[in-house]
Amino acid sequence: MSQQLLDVIIPGLVVGSIYGLVGMAFAIVYKATQVVNFAIGEVMMLVAYIAFTIQSAYALDFGPLLLVTIGVSVAAGLLIELLVVRPIQGQSLFTIVMSTIGLAIVIRSLVAIIWGVLPQPISLPATSHYVPVAGVGLSLAQIYTVIAFVVACILVGILFRYTRMGLHMRATASSEKTAQLIGINIRRVQTVAWVASTIVAGIAGVMIATIYNLGPDLYAFGLKSFPATILGGLDAVIGSAIGGVVIGVVENITGRFLGSTSKEIVGLLVIVFVLMVRPTGLFGQRKVSRP
Amino acid sequence: MTDQTSGVAKGRSHLLVIITLAALVALAALPWLVNSYLLLMATSVLIWIVGLLGLNLISGNAGLISLGYSGFLAVGAYANAILQIDLGLPAILAIPAAGVVAAILGLLIGIPSLRLTGLYLAITTLAFAVILNSLIVEGGDLTRGSEGIGVPDLSIAGISFNSSFRFYYVCLVVAAFFVFVTRNLERSWFGRSLMALREYETAAVVSGIAATRLKLTTFVISSFYIGVSGALFAHFIRYLNVDNFSTHIGIEALAMIIAGGLGSFMGSILGVVFLTGLSEVLRTFISASDGFLAGIMSTGAVEIRGLIYGLGIILFLRWEPSGLLGLWRRATSRLSSGRSSSEGAT
């Protein structure tokens, strides 16, 4: 492969890992509860802000920062599930999805009120070393992102395929009523799904902040990751991860050859194309509605 | 018994006619009664109402979330300005034509999204709003890029409606027209079918409603409304720039119809009056108080607004899903049922 192509593809894989993480976060909640959480981008921004506030207060290194991120994510996921989602459980999809949209702008506003509208400085010297990978210089933060992505894929894959909770989640996804009838605690399934999704999103948020910056527009990565989960399939968790990588590479290639505006919108055009050609995405399951 | 109820209904509809007429007279007299700031606010509310009526058709009556409000608003505004400047169309033609342009775009977005059930419209409309903003910046000679575009003065049939005083009446007439049309739409076969579709799609389809076509029609109509609202908005702000059409607007619009009441034209009106009123009251309250709150306010007027609208969505859906209109209906039905039960006792 020519070096020119590698220069485009490898950074694409890094961005794609971020899209993949966020796409997975979308898909986990969708798979277990049929809800698209429109606040994912905002949630990961909030987690990133809190995690970095703690990090700078104690001058933590990257490893402890990740642990803090997971802790903050668990707390945020539980809180959101408890305060916003659970009270309206069992209501129409419209109500639940709209509530996540409301939550999104509440978080956006809160972050701007608390931390201000200017990007926050981050001091994490260990992640800014550059390492050549196949002739392309990548920062350690970028390499960590890819590693986090692969690890998350494996863990989430194991969660869904090999654990009892994963089985319960898949059962709840295919029929909430039947799952309840055979004794599955669907409330707990929902909680686990929201928390797992928030952890994945939170890690993505911290990685985005490390690579780019910690600003109040970090939430935009939520929308940018929609194409990943639409391409992979809203109900396909690993599919969404793969979708993210594809979108990341495609974006970088179009950006190189067609200019930066096309880079911004190519993912969104992918959404429209996928919905016209194969609305379930590459790995999603077709659903049949019965009365 | 039947005579009695129809008599009550007749009495009620007479009352409604009287209330409507009184409201129209009050609205017509408004410019003489308030200061120029409040007049601008009232004009903005009227412009909002036109678009919200449309949004409420697709999101309230049909129950499909659309996040593309800002996109259709921008299309209407830019189409109106461009048609008047570049093609020399008179405003009286350009404003409805702007609505038609928005409607055509609605058709194009609706076709891939509405064949599918559930949430896809929310995703595609959000994508549309974001893409459109990029296109406006990259639009070159058509949209004048990030430089923006000056909107010609509004004149209809040789009469200038440029002053905020006269422009208010233009908006009032347009808004009243759209309210009237929407009220009738909601009570027609069309409105009832939408309601059936929202409540139980499979049953509605089985009883002969062409679901996809009905949703698509609704979405196109809704886009037309928002496009016309955008055309008026262009004359209101007089200078178009991509910053006027942030995707935030789409969420604010949804907050308004949720707070007012989904699926009813009255809900759209109540919602915009309530939420703009509330933000205004809070704004004056906070800027009047000094110290901590005023400090937040000076840095974050937009954020306070976002907080109000976001919490509005969450709290109304949780505690009062039928909005202010539901509260009002419950209050009046309690009053009238109280009266009829006492009548029954005598």
# chains A, B, ... in the order shown; residues from 1 in each chain; ligands from 1
>>> closest_atom_pairs(of="segment 20-62 of chain A", to="segment 115-132 of chain B", cutoff="12 Å", atoms="only C-alpha atoms", output="JSON lines")
{"residue": "A:Tyr30", "atom": "CA", "partner": "B:Leu119", "partner_atom": "CA", "distance": 11.1}
{"residue": "A:Gln34", "atom": "CA", "partner": "B:Gly118", "partner_atom": "CA", "distance": 9.6}
{"residue": "A:Val35", "atom": "CA", "partner": "B:Leu119", "partner_atom": "CA", "distance": 8.6}
{"residue": "A:Val36", "atom": "CA", "partner": "B:Leu119", "partner_atom": "CA", "distance": 7.6}
{"residue": "A:Asn37", "atom": "CA", "partner": "B:Leu119", "partner_atom": "CA", "distance": 10.7}
{"residue": "A:Phe38", "atom": "CA", "partner": "B:Ile123", "partner_atom": "CA", "distance": 9.2}
>>> interface_residues(of="chain B", to="chain A", cutoff="8 Å", atoms="only C-alpha atoms", output="VMD selection string")
chain B and resid 63 to 65 112 to 113 116 118 to 119 123 to 124 127 to 128 131 134 138 202 to 203 251 255 296 299 to 300 302 to 304 306 to 314 317 to 318
>>> closest_atom_pairs(of="segment 198-314 of chain B", to="segment 146-156 of chain B", cutoff="7 Å", atoms="only C-alpha atoms", output="JSON lines")
{"residue": "B:Ala234", "atom": "CA", "partner": "B:Val151", "partner_atom": "CA", "distance": 6.5}
{"residue": "B:His235", "atom": "CA", "partner": "B:Val151", "partner_atom": "CA", "distance": 6.3}
{"residue": "B:Arg238", "atom": "CA", "partner": "B:Val151", "partner_atom": "CA", "distance": 4.9}
{"residue": "B:Tyr239", "atom": "CA", "partner": "B:Gly150", "partner_atom": "CA", "distance": 4.5}
{"residue": "B:Leu240", "atom": "CA", "partner": "B:Ile149", "partner_atom": "CA", "distance": 5.1}
{"residue": "B:Asn241", "atom": "CA", "partner": "B:Gly148", "partner_atom": "CA", "distance": 4.5}
{"residue": "B:Val242", "atom": "CA", "partner": "B:Ser146", "partner_atom": "CA", "distance": 6.7}
>>> write_last_selection(atoms="N, CA and C atoms", output="CSV table (one decimal), in the first residue's frame")
chain,number,residue,atom,x,y,z
B,234,ALA,N,-37.4,35.8,7.7
B,234,ALA,CA,-36.4,36.5,6.9
B,234,ALA,C,-36.7,38.0,7.0
B,235,HIS,N,-38.0,38.3,6.8
B,235,HIS,CA,-38.3,39.8,6.8
B,235,HIS,C,-38.2,40.3,8.2
B,238,ARG,N,-34.3,40.5,8.8
B,238,ARG,CA,-33.8,41.3,7.7
B,238,ARG,C,-32.4,41.0,7.2
B,239,TYR,N,-31.7,40.2,7.9
B,239,TYR,CA,-30.3,39.8,7.5
B,239,TYR,C,-30.1,38.4,7.8
B,240,LEU,N,-29.9,37.6,6.8
B,240,LEU,CA,-29.8,36.1,7.0
B,240,LEU,C,-28.4,35.7,7.1
B,241,ASN,N,-28.1,34.8,8.1
B,241,ASN,CA,-26.8,34.3,8.3
B,241,ASN,C,-27.0,32.9,8.9
B,242,VAL,N,-26.0,32.0,8.6
B,242,VAL,CA,-26.2,30.6,9.0
B,242,VAL,C,-26.4,30.5,10.5
>>> closest_atom_pairs(of="segment 213-281 of chain A", to="segment 52-62 of chain A", cutoff="12 Å", atoms="only C-alpha atoms", output="Markdown table")
| residue | atom | partner | partner_atom | distance |
| --- | --- | --- | --- | --- |
| A:Asn213 | CA | A:Phe52 | CA | 11.2 |
| A:Leu214 | CA | A:Phe52 | CA | 8.7 |
| A:Gly215 | CA | A:Phe52 | CA | 11.6 |
>>> write_last_selection(atoms="N, CA, C and O atoms", output="CSV table (one decimal), in the first residue's frame")
chain,number,residue,atom,x,y,z
A,213,ASN,N,-9.8,18.6,22.0
A,213,ASN,CA,-9.7,19.3,23.2
A,213,ASN,C,-11.0,19.2,24.0
A,213,ASN,O,-12.0,18.6,23.6
A,214,LEU,N,-11.0,19.7,25.2
A,214,LEU,CA,-12.2,19.5,26.1
A,214,LEU,C,-13.0,20.8,26.0
A,214,LEU,O,-12.8,21.8,26.8
A,215,GLY,N,-13.9,20.9,25.1
A,215,GLY,CA,-14.7,22.1,24.9
A,215,GLY,C,-16.2,21.7,24.9
A,215,GLY,O,-16.6,20.6,24.9
>>> residues_around(residues="segment 141-151 of chain A", least_positions_apart="3", cutoff="7 Å", atoms="only C-alpha atoms", output="number ranges by chain")
A: 14, 17, 21, 127-128, 138, 154-155, 207, 210-211
>>> select_by_dssp(residues="segment 10-220 of chain A", states="alpha helix (DSSP H)", output="ChimeraX atom specification")
/A:10-33,40-58,62-80,93-115,140-162,164-174,176-181,186-211,220
